[in-house]
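*Asks:* Below you will find the structure I want to go over with you.
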Amino acid sequence: MNSLNKDLWYEWSSVKACRPYEDEMYGILCGLPQTEMTEGAMFQTARLFVYRRLLALWGKIAAADRSLFIDDVKLVSSQQNGKIFFFVHGRAIEKICSGASGFDAGRKRFWSWGRGFFGSTGSLYIPKTGYYLVMRFPQNGHDEEILELLRLAEINASVRTKNSNTEIILRDRQQIVDFIGWTGCVNTVLALEDKSIMRETQNVQNRMMNCDMANIGKTAQTAAKQLQLIKRLEEEDAFGKLPEALKELIGLRKEYPEATLCELGKKLSRPIGKSTVEYRWKKIYKLASQILKGEGTNVLREG
C-alpha cells in the first residue's frame with residue numbers, strides 16, 4: 001500500500017502539464033489551507049511534491065512573462081511538525097486566478113483543475129478489504145466544483161464534514177481507477193488493476209481453503225462419531241450380528257479413520273459411491289440402535 005501510494009504521488013508530480021498551466025495551479029491552491037499576508041498568502045501542505053509541482057508550473061509561466069519572478073512562489077519552511085509552508089506573492093496569485101477564471105468547466109481544462117485539486121487534497125487507501133479515495137480540504141472550500149467534476153464523469157461520491165474539513169470519498173474500485181486515470185496517472189491505474197487481480201485471486205484461494213478446512217472438520221466429526229459407535233458395538237459384543245457388507249465398511253473405517261466417505265466407498269471389495277456409503281452408515285446406526293436396545297437379531301437379518 002505505501003509503495004503504491006508513493007508511486008501515485010511521484011507519477012502525479014511528473015505528469016505532463018497542459019496549457020494553460022494556471023488551471024492546475026489554481027486547483028492546487030484551492031485545496032490548501034492559506035493565511036492572508038500583506039504581499040500575498042502563506043500556504044501549507046504535508047507534501048513536498050505539491051510545492052515542487054506548483055513551482056515547476058509557475059516556472060513555465062514566469063519564463064514567458066518578464067513582469068513575474070520565479071521566487072514569487074517560495075518555500076519558507078519544511079520543518080514545522082511535518083508541515084511545509086510556502087509563500088505565493090500577490091502578483092502570482094492574481095496571475096493564477098485570472099488565468100484560471102476563464103475556464104467554464106470545459107472538460108479538458110476542468111480536469112487540469114481537478115488534477116491539481118486532487119494532488120493537494122487526495123489520499124488513496126487500500127485496507128484489507130475495499131478501496132478508498134479521499135479528498136480532504138478546508139470547509140467552505142470548493143466542494144461544489146469537485147462534485148460537479150465527478151458528476152460529469154458519472155462518479156458517485158459521499159461527502160462529510162470532519163474536524164473543520166470537508167471530505168469527499170470514493171469507495172467503488174472501478175470509479176477510483178477511472179478518476180485516477182483521468183488525472184493522467186496511467187501507471188498507477190495499471191498497478192491498481194494488478195492489485196485488484198492479486199486480491200481477487202487471494203480471496204478465491206482463501207475461500208477454497210476455508211471450504212477445504214470445513215470439509216476436513218466435517219469429515220473428522222463424522223469419523224469420530226462412527227468410531228465411537230464401533231467401540232460401543234465391540235463392547236457389547238454385537239459386531240458379529242451385522243451383515244457382511246456393513247462389517248466390511250466398519251472394518252475400513254477402523255483401518256482408515258481419517259478417510260472421507262467417498263474414499264471408503266472406493267476401498268470396498270465392490271466399490272460404491274458416496275451416497276451409497278451414507279445409506280449404509282444410516283443402516284448401521286439403525287441396526288446398532290436396535291441391538292443396543294435389545295430388540296433382537298431377527299430385524300438385523302432382514303437387512
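Chain labels follow the order of the C-alpha cells: the first chain is A, the next B, and so on; residue numbering restarts at 1 in every chain, and ligands are counted from 1 in their shown order.
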Please provide as a PyMOL selection string all residues within 12 Å of Lys95 in chain A, with the sequence filter that same-chain residues fewer than 3 positions apart are discarded (counting only C-alpha atoms).

*Replies:* chain A and resi 20-23+25-26+58+61-62+65+67-69+72-73+88-92+98-102

*Asks:* Output N, CA and C atoms for every residue in the selection just made, as a PDB file, in the first residue's frame.

*Replies:*
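Generated file (again18.pdb):
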ATOM      1  N   PRO A  20      -3.753  25.947 -20.381  1.00  0.00           N
ATOM      2  CA  PRO A  20      -2.980  26.911 -19.600  1.00  0.00           C
ATOM      3  C   PRO A  20      -2.608  26.343 -18.229  1.00  0.00           C
ATOM      4  N   TYR A  21      -1.366  26.562 -17.820  1.00  0.00           N
ATOM      5  CA  TYR A  21      -0.855  25.991 -16.585  1.00  0.00           C
ATOM      6  C   TYR A  21      -1.586  26.524 -15.356  1.00  0.00           C
ATOM      7  N   GLU A  22      -2.194  27.692 -15.514  1.00  0.00           N
ATOM      8  CA  GLU A  22      -2.890  28.289 -14.374  1.00  0.00           C
ATOM      9  C   GLU A  22      -4.007  27.392 -13.846  1.00  0.00           C
ATOM     10  N   ASP A  23      -4.629  26.602 -14.725  1.00  0.00           N
ATOM     11  CA  ASP A  23      -5.754  25.760 -14.292  1.00  0.00           C
ATOM     12  C   ASP A  23      -5.317  24.785 -13.196  1.00  0.00           C
ATOM     13  N   MET A  25      -2.544  24.889 -11.378  1.00  0.00           N
ATOM     14  CA  MET A  25      -2.034  25.629 -10.221  1.00  0.00           C
ATOM     15  C   MET A  25      -3.182  26.128  -9.345  1.00  0.00           C
ATOM     16  N   TYR A  26      -4.232  26.604 -10.005  1.00  0.00           N
ATOM     17  CA  TYR A  26      -5.396  27.070  -9.262  1.00  0.00           C
ATOM     18  C   TYR A  26      -6.025  25.912  -8.483  1.00  0.00           C
ATOM     19  N   TRP A  58       4.792  27.102 -12.178  1.00  0.00           N
ATOM     20  CA  TRP A  58       4.998  28.548 -12.108  1.00  0.00           C
ATOM     21  C   TRP A  58       6.224  28.954 -12.929  1.00  0.00           C
ATOM     22  N   ILE A  61       5.296  29.586 -16.444  1.00  0.00           N
ATOM     23  CA  ILE A  61       4.563  30.841 -16.628  1.00  0.00           C
ATOM     24  C   ILE A  61       5.500  32.037 -16.512  1.00  0.00           C
ATOM     25  N   ALA A  62       6.346  32.018 -15.457  1.00  0.00           N
ATOM     26  CA  ALA A  62       7.252  33.139 -15.219  1.00  0.00           C
ATOM     27  C   ALA A  62       8.269  33.299 -16.342  1.00  0.00           C
ATOM     28  N   ASP A  65       6.811  35.534 -19.024  1.00  0.00           N
ATOM     29  CA  ASP A  65       6.321  36.867 -18.639  1.00  0.00           C
ATOM     30  C   ASP A  65       7.366  37.562 -17.778  1.00  0.00           C
ATOM     31  N   SER A  67       7.333  40.271 -16.295  1.00  0.00           N
ATOM     32  CA  SER A  67       6.846  41.009 -15.124  1.00  0.00           C
ATOM     33  C   SER A  67       6.711  40.110 -13.899  1.00  0.00           C
ATOM     34  N   LEU A  68       6.962  38.836 -14.085  1.00  0.00           N
ATOM     35  CA  LEU A  68       6.844  37.878 -12.994  1.00  0.00           C
ATOM     36  C   LEU A  68       8.217  37.343 -12.605  1.00  0.00           C
ATOM     37  N   PHE A  69       8.323  36.804 -11.401  1.00  0.00           N
ATOM     38  CA  PHE A  69       9.598  36.303 -10.891  1.00  0.00           C
ATOM     39  C   PHE A  69       9.421  34.868 -10.396  1.00  0.00           C
ATOM     40  N   ASP A  72       8.433  34.309  -6.828  1.00  0.00           N
ATOM     41  CA  ASP A  72       7.093  34.696  -6.367  1.00  0.00           C
ATOM     42  C   ASP A  72       6.401  33.519  -5.710  1.00  0.00           C
ATOM     43  N   VAL A  73       6.898  32.312  -5.983  1.00  0.00           N
ATOM     44  CA  VAL A  73       6.458  31.106  -5.274  1.00  0.00           C
ATOM     45  C   VAL A  73       7.686  30.581  -4.534  1.00  0.00           C
ATOM     46  N   VAL A  88       3.234  32.607  -1.632  1.00  0.00           N
ATOM     47  CA  VAL A  88       2.912  32.954  -3.012  1.00  0.00           C
ATOM     48  C   VAL A  88       2.618  34.450  -3.054  1.00  0.00           C
ATOM     49  N   HIS A  89       3.407  35.167  -3.838  1.00  0.00           N
ATOM     50  CA  HIS A  89       3.250  36.619  -3.931  1.00  0.00           C
ATOM     51  C   HIS A  89       1.900  36.972  -4.554  1.00  0.00           C
ATOM     52  N   GLY A  90       1.423  38.141  -4.188  1.00  0.00           N
ATOM     53  CA  GLY A  90       0.125  38.598  -4.676  1.00  0.00           C
ATOM     54  C   GLY A  90       0.032  38.630  -6.194  1.00  0.00           C
ATOM     55  N   ARG A  91       1.124  39.050  -6.882  1.00  0.00           N
ATOM     56  CA  ARG A  91       1.055  39.121  -8.342  1.00  0.00           C
ATOM     57  C   ARG A  91       0.972  37.727  -8.961  1.00  0.00           C
ATOM     58  N   ALA A  92       1.563  36.732  -8.257  1.00  0.00           N
ATOM     59  CA  ALA A  92       1.463  35.351  -8.742  1.00  0.00           C
ATOM     60  C   ALA A  92       0.035  34.835  -8.547  1.00  0.00           C
ATOM     61  N   SER A  98      -6.544  34.850 -12.391  1.00  0.00           N
ATOM     62  CA  SER A  98      -7.102  35.492 -13.591  1.00  0.00           C
ATOM     63  C   SER A  98      -7.023  34.542 -14.786  1.00  0.00           C
ATOM     64  N   GLY A  99      -5.943  33.777 -14.845  1.00  0.00           N
ATOM     65  CA  GLY A  99      -5.801  32.833 -15.955  1.00  0.00           C
ATOM     66  C   GLY A  99      -6.784  31.689 -15.855  1.00  0.00           C
ATOM     67  N   ALA A 100      -7.036  31.232 -14.614  1.00  0.00           N
ATOM     68  CA  ALA A 100      -7.921  30.094 -14.411  1.00  0.00           C
ATOM     69  C   ALA A 100      -9.392  30.495 -14.413  1.00  0.00           C
ATOM     70  N   SER A 101      -9.670  31.749 -14.157  1.00  0.00           N
ATOM     71  CA  SER A 101     -11.069  32.172 -14.053  1.00  0.00           C
ATOM     72  C   SER A 101     -11.780  32.119 -15.402  1.00  0.00           C
ATOM     73  N   GLY A 102     -11.010  31.997 -16.471  1.00  0.00           N
ATOM     74  CA  GLY A 102     -11.616  31.992 -17.799  1.00  0.00           C
ATOM     75  C   GLY A 102     -12.255  30.679 -18.191  1.00  0.00           C
TER      76      GLY A 102
END

*Asks:* Do you have, as CSV, the list of residues of range 205-263 of chain A lying at most 8 Å from range 284-294 of chain A, each with its nearest atom pair and that distance in Å to one decimal, counting only C-alpha atoms and ordered by chain then number?

*Replies:*
residue,atom,partner,partner_atom,distance
A:Leu229,CA,A:Tyr285,CA,7.9
A:Leu233,CA,A:Ala288,CA,7.1
A:Glu236,CA,A:Leu292,CA,7.5
A:Ala238,CA,A:Ile291,CA,7.1
A:Leu242,CA,A:Leu287,CA,7.8
A:Leu246,CA,A:Ile284,CA,6.8

*Asks:* Can you tell me which residues surround Gly122 in chain A at a distance of at most 12 Å, considering only C-alpha atoms, apart from same-chain residues fewer than 5 positions away, and format the answer as a PDB file with C-alpha atoms, in the first residue's frame?

*Replies:*
ATOM      1  CA  ASN A   5       0.663   5.496  -2.629  1.00  0.00           C
ATOM      2  CA  LEU A   8       0.998   7.608  -7.246  1.00  0.00           C
ATOM      3  CA  TRP A   9       2.338  10.925  -5.998  1.00  0.00           C
ATOM      4  CA  TRP A  12       1.219  12.834 -10.275  1.00  0.00           C
ATOM      5  CA  GLY A  27      -6.605  23.562  -8.400  1.00  0.00           C
ATOM      6  CA  ILE A  28      -3.568  23.007  -6.154  1.00  0.00           C
ATOM      7  CA  GLY A  31      -7.198  22.578  -1.815  1.00  0.00           C
ATOM      8  CA  LEU A  32      -4.678  24.058   0.633  1.00  0.00           C
ATOM      9  CA  THR A  45       0.800  21.233   2.882  1.00  0.00           C
ATOM     10  CA  ALA A  46       2.143  17.952   4.204  1.00  0.00           C
ATOM     11  CA  ARG A  47       3.547  17.043   0.783  1.00  0.00           C
ATOM     12  CA  VAL A  50       2.849  19.541  -4.131  1.00  0.00           C
ATOM     13  CA  GLY A 114      -9.188  18.572 -10.841  1.00  0.00           C
ATOM     14  CA  ARG A 115      -5.702  17.068 -11.172  1.00  0.00           C
ATOM     15  CA  GLY A 116      -4.254  19.933  -9.170  1.00  0.00           C
ATOM     16  CA  PHE A 117      -7.016  19.763  -6.562  1.00  0.00           C
ATOM     17  CA  TYR A 132     -10.998   4.359  -0.608  1.00  0.00           C
ATOM     18  CA  LEU A 133     -10.014   7.592  -2.268  1.00  0.00           C
ATOM     19  CA  VAL A 134     -10.478  10.634  -0.051  1.00  0.00           C
ATOM     20  CA  MET A 135     -10.108  14.320  -0.897  1.00  0.00           C
ATOM     21  CA  ARG A 136      -9.851  16.349   2.311  1.00  0.00           C
ATOM     22  CA  PHE A 137      -9.840  20.150   2.265  1.00  0.00           C
ATOM     23  CA  ILE A 146     -15.135  18.883  -7.437  1.00  0.00           C
ATOM     24  CA  THR A 166     -14.786  18.646   4.094  1.00  0.00           C
ATOM     25  CA  GLU A 167     -14.145  15.100   2.896  1.00  0.00           C
ATOM     26  CA  ILE A 168     -15.237  13.724  -0.455  1.00  0.00           C
ATOM     27  CA  ILE A 169     -14.957   9.935  -0.528  1.00  0.00           C
ATOM     28  CA  LEU A 170     -14.942   7.453  -3.418  1.00  0.00           C
ATOM     29  CA  ILE A 176     -11.404   5.183  -8.295  1.00  0.00           C
ATOM     30  CA  PHE A 179     -10.755   9.026 -11.636  1.00  0.00           C
ATOM     31  CA  ILE A 180      -7.027   8.424 -11.249  1.00  0.00           C
ATOM     32  CA  THR A 183      -5.821  12.761 -13.791  1.00  0.00           C
TER      33      THR A 183
END

*Asks:* Residues near Gln202 in chain A, anyone? I mean within 12 Å using only C-alpha atoms, not counting same-chain ones fewer than 6 positions away, as a VMD selection string.

*Replies:* chain A and resid 128 to 129 195 to 196 208 to 209

*Asks:* Using only C-alpha atoms, which residues sit within 10 Å of Val277 in chain A once same-chain residues fewer than 6 positions away are excluded, as a PyMOL selection string?

*Replies:* chain A and resi 246+249+261-266+268+271+283

*Asks:* Taking the DSSP assignment computed from this structure's backbone, write out as number ranges by chain all residues of range 109-216 of chain A that belong to helix (DSSP H, G or I).

*Replies:* A: 109-121, 143-152, 173-182, 186-216

*Asks:* If you run DSSP over the backbone, which residues in range 74-219 of chain A end up strand (DSSP E)? Put them as a VMD selection string.

*Replies:* chain A and resid 74 to 80 83 to 89 122 to 125 132 to 138 158 to 162 165 to 170

*Asks:* Keeping N, CA and C atoms for every residue in the selection just given, could you write it to a file as a compact mmCIF listing (two decimals), in the first residue's frame?

*Replies:*
# COMPACT_ATOMS: atom_id res chain seq x y z
N LYS A 74 7.68 30.71 -3.22
CA LYS A 74 8.93 30.49 -2.47
C LYS A 74 8.68 29.63 -1.23
N LEU A 75 9.54 28.61 -1.07
CA LEU A 75 9.48 27.76 0.11
C LEU A 75 9.95 28.53 1.33
N VAL A 76 9.17 28.46 2.41
CA VAL A 76 9.51 29.18 3.64
C VAL A 76 10.06 28.23 4.69
N SER A 77 9.37 27.11 4.89
CA SER A 77 9.81 26.15 5.91
C SER A 77 9.28 24.76 5.59
N SER A 78 10.10 23.76 5.87
CA SER A 78 9.67 22.36 5.69
C SER A 78 9.91 21.55 6.95
N GLN A 79 10.04 22.24 8.08
CA GLN A 79 10.43 21.58 9.31
C GLN A 79 9.46 21.79 10.46
N GLN A 80 8.25 22.25 10.20
CA GLN A 80 7.30 22.54 11.28
C GLN A 80 6.27 21.42 11.43
N LYS A 83 4.84 19.83 8.43
CA LYS A 83 4.13 20.72 7.52
C LYS A 83 5.13 21.55 6.71
N ILE A 84 4.75 21.77 5.47
CA ILE A 84 5.56 22.58 4.57
C ILE A 84 4.82 23.89 4.31
N PHE A 85 5.52 25.00 4.51
CA PHE A 85 4.91 26.31 4.29
C PHE A 85 5.61 26.99 3.12
N PHE A 86 4.80 27.54 2.22
CA PHE A 86 5.39 28.29 1.12
C PHE A 86 4.57 29.55 0.86
N PHE A 87 5.26 30.56 0.40
CA PHE A 87 4.64 31.87 0.18
C PHE A 87 4.41 32.08 -1.31
N VAL A 88 3.23 32.61 -1.63
CA VAL A 88 2.91 32.95 -3.01
C VAL A 88 2.62 34.45 -3.05
N HIS A 89 3.41 35.17 -3.84
CA HIS A 89 3.25 36.62 -3.93
C HIS A 89 1.90 36.97 -4.55
N GLY A 122 -5.90 14.83 -2.06
CA GLY A 122 -6.27 13.42 -2.16
C GLY A 122 -5.39 12.46 -1.38
N SER A 123 -5.99 11.34 -1.02
CA SER A 123 -5.28 10.23 -0.39
C SER A 123 -5.91 8.94 -0.88
N LEU A 124 -5.09 7.94 -1.11
CA LEU A 124 -5.57 6.64 -1.58
C LEU A 124 -5.33 5.61 -0.48
N TYR A 125 -6.38 4.87 -0.14
CA TYR A 125 -6.27 3.86 0.92
C TYR A 125 -6.69 2.50 0.36
N TYR A 132 -10.49 3.04 -0.96
CA TYR A 132 -11.00 4.36 -0.61
C TYR A 132 -10.10 5.44 -1.21
N LEU A 133 -10.73 6.40 -1.83
CA LEU A 133 -10.01 7.59 -2.27
C LEU A 133 -10.70 8.77 -1.59
N VAL A 134 -9.93 9.53 -0.84
CA VAL A 134 -10.48 10.63 -0.05
C VAL A 134 -9.81 11.93 -0.46
N MET A 135 -10.62 12.97 -0.69
CA MET A 135 -10.11 14.32 -0.90
C MET A 135 -10.55 15.17 0.29
N ARG A 136 -9.58 15.63 1.06
CA ARG A 136 -9.85 16.35 2.31
C ARG A 136 -9.35 17.80 2.18
N PHE A 137 -10.22 18.75 2.43
CA PHE A 137 -9.84 20.15 2.26
C PHE A 137 -10.64 21.01 3.23
N PRO A 138 -10.20 22.26 3.47
CA PRO A 138 -10.88 23.13 4.44
C PRO A 138 -12.35 23.34 4.09
N SER A 158 -19.43 10.30 -1.69
CA SER A 158 -20.13 10.74 -0.48
C SER A 158 -19.37 11.94 0.09
N VAL A 159 -20.08 12.76 0.85
CA VAL A 159 -19.49 13.98 1.42
C VAL A 159 -19.76 13.99 2.92
N ARG A 160 -18.74 14.36 3.68
CA ARG A 160 -18.93 14.51 5.12
C ARG A 160 -18.01 15.61 5.64
N THR A 161 -18.34 16.09 6.83
CA THR A 161 -17.54 17.12 7.49
C THR A 161 -16.84 16.49 8.68
N LYS A 162 -15.55 16.73 8.80
CA LYS A 162 -14.78 16.14 9.89
C LYS A 162 -13.67 17.09 10.31
N ASN A 165 -12.94 20.13 8.32
CA ASN A 165 -12.59 19.85 6.93
C ASN A 165 -13.77 19.19 6.22
N THR A 166 -13.82 19.37 4.93
CA THR A 166 -14.79 18.65 4.09
C THR A 166 -14.06 17.45 3.48
N GLU A 167 -14.72 16.30 3.50
CA GLU A 167 -14.14 15.10 2.90
C GLU A 167 -15.08 14.56 1.81
N ILE A 168 -14.51 14.35 0.64
CA ILE A 168 -15.24 13.72 -0.45
C ILE A 168 -14.62 12.34 -0.66
N ILE A 169 -15.46 11.31 -0.59
CA ILE A 169 -14.96 9.93 -0.53
C ILE A 169 -15.49 9.11 -1.69
N LEU A 170 -14.59 8.42 -2.37
CA LEU A 170 -14.94 7.45 -3.42
C LEU A 170 -14.65 6.06 -2.88
